[in-house]
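Working notes for the structure below.
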Amino acid sequence: MDINNHTELIRQEIIKNHLQFTALIQDIQQCTGPLELLNELNAEGREKITALRSSIDKLTSLSETKINEKERTELLAEVETYKKQLTASLGAFRKANVISACVIDKLAREDLLSISEEQQNALRKRRDKQGLASASNQVTEKLLSISRHLAETTQKSGDTLDTLLTSSDKVSSTKNELEHQQQVIVQSGKLLGKYGRREVTDKVLLVLAFAFFLACVFYILQKRLF
């Protein structure tokens with residue numbers, strides 16, 4: 001497949017996944033429960049984060065195959081833009097989760113308070129401490145899982161940024177080396193031109209010396225014969 005076509009396909013993949021991730025963030029922010037639905041939306045969001053990171057990494061790898069320095073620089077700048085968009089989306093993802101969790105908790109408390117006193121007493125009898133602790137542990141584990149995943153994503157984003165910085169340093173080093181070679185080539189051309197002019201001068205002097213020698217021989221022969 002042509003590199004330019006492959007690059008365009010990856011761009012479209014990034015844009016599609018980013019739009020879907022943005023839509024998921026809005027769904028999470030508007031989610032009012034139940035908690036299982038929020039967990040499902042978070043699972044889809046983590047999949048989109050992974051897909052986005054994979055596509056951005058592919059685009060970064062393609063930048064190393066670009067022969068044209070301008071194209072490589074433009075592609076790296078585009079990768080940096082996608083990285084910033086992903087970072088901003090991660091922040092929105094966290095904020096949406098906090099908002100949704102607060103809304104679900106508020107609605108749960110309102111539902112609990114709306115139950116009649118008799119129903120509350122009956123409900124308290126049915127619920128034991130172990131059940132409450134189990135539900136609380138499940139919620140805590142889910143939140144910790146989300147937090148760990150976001151931390152891993154942030155770490156991987158930092159590693160990718162370090163890779164981009166290293167690639168940028170390599171590009172700058174290559175550019176400096178090419179400029180140095182260009183200066184050497186220019187100096188070599190000047191020296192060759194100088195040596196070429198000197199060679200022509202030497203030939204002219206040799207011809208003049210030979211002509212002078214012939215003139216001397218002719219003069220001597222003329223004096224002796226005549």
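Just remember, in the structure tokens the first chain shown is A, the second B, etc., residues are 1-based per chain, and ligands are 1-based in the order shown.
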Worksheet item: Counting only C-alpha atoms, what is within 12 Å of segment 175-186 of chain A, bar same-chain residues fewer than 4 positions away, as a ChimeraX atom specification?
Response: /A:68-70,73,168-171,190-193
Practice prompt. Identify, on the basis of only C-alpha atoms, every residue whose closest approach to Ile99 of chain A does not exceed 12 Å; exclude the query and any residue fewer than 5 positions from it along the same chain; express the result as a PyMOL selection string.
Written response: chain A and resi 25-33+38+92-94+104-106
For the residues selected in the previous step, produce a file with N, CA and C atoms as a short mmCIF file (atom, residue, chain, number, x, y, z; two decimals), in the first residue's frame.
```cif
data_model
loop_
_atom_site.label_atom_id
_atom_site.label_comp_id
_atom_site.auth_asym_id
_atom_site.auth_seq_id
_atom_site.Cartn_x
_atom_site.Cartn_y
_atom_site.Cartn_z
N ILE A 25 -18.00 10.43 25.98
CA ILE A 25 -17.83 11.35 27.11
C ILE A 25 -19.15 12.08 27.41
N GLN A 26 -19.82 12.51 26.35
CA GLN A 26 -21.12 13.18 26.54
C GLN A 26 -22.15 12.22 27.14
N ASP A 27 -22.14 10.95 26.67
CA ASP A 27 -23.06 9.96 27.22
C ASP A 27 -22.78 9.72 28.70
N ILE A 28 -21.50 9.65 29.06
CA ILE A 28 -21.13 9.45 30.46
C ILE A 28 -21.59 10.62 31.31
N GLN A 29 -21.38 11.83 30.79
CA GLN A 29 -21.76 13.04 31.54
C GLN A 29 -23.27 13.12 31.76
N GLN A 30 -24.04 12.58 30.81
CA GLN A 30 -25.50 12.64 30.91
C GLN A 30 -26.08 11.39 31.57
N CYS A 31 -25.21 10.43 31.91
CA CYS A 31 -25.70 9.17 32.50
C CYS A 31 -26.22 9.42 33.92
N THR A 32 -27.43 8.94 34.17
CA THR A 32 -28.04 9.08 35.50
C THR A 32 -28.24 7.72 36.17
N GLY A 33 -27.59 6.71 35.64
CA GLY A 33 -27.67 5.39 36.24
C GLY A 33 -28.36 4.41 35.31
N LEU A 38 -22.97 2.98 33.65
CA LEU A 38 -21.78 3.82 33.71
C LEU A 38 -20.52 2.97 33.52
N ALA A 92 -11.48 15.46 30.05
CA ALA A 92 -12.94 15.52 29.96
C ALA A 92 -13.57 14.20 30.39
N PHE A 93 -12.88 13.10 30.07
CA PHE A 93 -13.37 11.76 30.44
C PHE A 93 -13.43 11.61 31.96
N ARG A 94 -12.35 12.05 32.63
CA ARG A 94 -12.33 11.98 34.10
C ARG A 94 -13.44 12.87 34.70
N ILE A 104 -25.52 9.98 40.05
CA ILE A 104 -26.07 8.67 40.43
C ILE A 104 -26.20 8.55 41.94
N ASP A 105 -25.16 9.03 42.64
CA ASP A 105 -25.21 8.98 44.10
C ASP A 105 -26.33 9.86 44.65
N LYS A 106 -26.51 11.04 44.06
CA LYS A 106 -27.56 11.95 44.51
C LYS A 106 -28.95 11.36 44.28
#
```
Discussion item. Taking 5 positions as the minimum chain separation for residues in the same chain, which residues sit within 12 Å of Ile3 of chain A when counting only C-alpha atoms? Answer as a list in words.
Written reply: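 What passes the distance filter is Glu8, Leu9, Ile10, Lys58, Leu59, Ser61, Leu62, Ser63, Glu64, Thr65, Lys66, Ile67 and Glu71 of chain A.
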Would you output that residue set with N, CA, C and O atoms, as a compact mmCIF listing (two decimals), in the first residue's frame?
```
# COMPACT_ATOMS: atom_id res chain seq x y z
N GLU A 8 -3.20 8.48 5.26
CA GLU A 8 -4.55 9.06 5.26
C GLU A 8 -5.54 8.15 5.96
O GLU A 8 -6.44 8.62 6.68
N LEU A 9 -5.39 6.83 5.79
CA LEU A 9 -6.28 5.89 6.47
C LEU A 9 -6.13 5.99 7.99
O LEU A 9 -7.12 5.94 8.73
N ILE A 10 -4.90 6.16 8.46
CA ILE A 10 -4.66 6.29 9.90
C ILE A 10 -5.27 7.59 10.40
O ILE A 10 -5.85 7.63 11.49
N LYS A 58 1.07 4.48 15.37
CA LYS A 58 1.29 4.11 13.97
C LYS A 58 1.71 5.33 13.15
O LYS A 58 2.61 5.24 12.30
N LEU A 59 1.05 6.45 13.37
CA LEU A 59 1.37 7.67 12.64
C LEU A 59 2.78 8.14 12.98
O LEU A 59 3.51 8.62 12.11
N SER A 61 5.29 6.17 13.82
CA SER A 61 6.20 5.26 13.13
C SER A 61 6.29 5.60 11.65
O SER A 61 7.37 5.54 11.05
N LEU A 62 5.17 6.01 11.04
CA LEU A 62 5.19 6.37 9.62
C LEU A 62 6.03 7.61 9.36
O LEU A 62 6.60 7.77 8.28
N SER A 63 6.13 8.51 10.36
CA SER A 63 6.91 9.73 10.16
C SER A 63 8.38 9.41 9.94
O SER A 63 9.11 10.15 9.28
N GLU A 64 8.84 8.27 10.47
CA GLU A 64 10.24 7.88 10.30
C GLU A 64 10.53 7.35 8.90
O GLU A 64 11.69 7.26 8.50
N THR A 65 9.48 7.00 8.16
CA THR A 65 9.67 6.49 6.80
C THR A 65 9.64 7.60 5.75
O THR A 65 9.89 7.34 4.58
N LYS A 66 9.30 8.81 6.18
CA LYS A 66 9.24 9.94 5.24
C LYS A 66 10.65 10.36 4.82
O LYS A 66 11.51 10.64 5.66
N ILE A 67 10.91 10.38 3.50
CA ILE A 67 12.22 10.80 2.99
C ILE A 67 12.30 12.32 2.99
O ILE A 67 13.34 12.90 3.32
N GLU A 71 7.90 16.89 4.90
CA GLU A 71 6.78 16.00 5.21
C GLU A 71 6.93 15.38 6.59
O GLU A 71 5.96 15.24 7.32
```
Fill in: Within 7 Å of segment 44-56 of chain A using only C-alpha atoms, minus same-chain residues under 5 positions, as a PyMOL selection string
chain A and resi 10+14+17+21+24+79
Let me see the file: selected residues, C-alpha atoms, as a compact mmCIF listing (two decimals), in the first residue's frame.
```txt
# COMPACT_ATOMS: atom_id res chain seq x y z
CA ILE A 10 -4.66 6.29 9.90
CA ILE A 14 -7.89 8.75 14.54
CA ASN A 17 -12.15 7.16 17.17
CA PHE A 21 -14.74 8.95 22.24
CA LEU A 24 -19.01 8.57 24.80
CA VAL A 79 1.05 13.76 15.79
```
Worksheet item: Quick one: residues within 9 Å of Leu90 of chain A, only C-alpha atoms counted, chain neighbours fewer than 4 positions away excluded, as a list in words?
Response: Ile49, Gln85, Leu86, Arg94, Lys95, Leu150, Thr153 and Thr154 of chain A
Discussion item. Can you tell me which residues surround Lys142 of chain A at a distance of at most 12 Å, considering only C-alpha atoms, apart from same-chain residues fewer than 3 positions away, and format the answer as an MDAnalysis selection string?
Written reply: chainID A and resid 35:36 38:40 42:43 97 101 135:139 145:149
Writing out the chosen residues with C-alpha atoms as a PDB file, in the first residue's frame:
```
ATOM      1  CA  LEU A  35     -24.088   2.142  37.918  1.00  0.00           C
ATOM      2  CA  GLU A  36     -23.787  -0.855  35.559  1.00  0.00           C
ATOM      3  CA  LEU A  38     -21.775   3.820  33.708  1.00  0.00           C
ATOM      4  CA  ASN A  39     -19.360   0.890  33.950  1.00  0.00           C
ATOM      5  CA  GLU A  40     -20.242  -0.215  30.401  1.00  0.00           C
ATOM      6  CA  ASN A  42     -16.324   3.441  30.852  1.00  0.00           C
ATOM      7  CA  ALA A  43     -15.287   0.122  29.310  1.00  0.00           C
ATOM      8  CA  ASN A  97     -17.090  10.255  35.316  1.00  0.00           C
ATOM      9  CA  ALA A 101     -20.968   9.351  39.744  1.00  0.00           C
ATOM     10  CA  ALA A 135     -21.669  -3.146  47.402  1.00  0.00           C
ATOM     11  CA  SER A 136     -19.325  -0.473  48.734  1.00  0.00           C
ATOM     12  CA  ASN A 137     -16.276  -2.600  47.885  1.00  0.00           C
ATOM     13  CA  GLN A 138     -17.523  -3.170  44.358  1.00  0.00           C
ATOM     14  CA  VAL A 139     -17.960   0.564  43.759  1.00  0.00           C
ATOM     15  CA  SER A 145      -9.754   0.319  38.278  1.00  0.00           C
ATOM     16  CA  ILE A 146     -10.708   3.470  36.358  1.00  0.00           C
ATOM     17  CA  SER A 147      -8.068   5.460  38.232  1.00  0.00           C
ATOM     18  CA  ARG A 148      -5.351   2.867  37.517  1.00  0.00           C
ATOM     19  CA  HIS A 149      -6.251   2.739  33.848  1.00  0.00           C
TER      20      HIS A 149
END
```
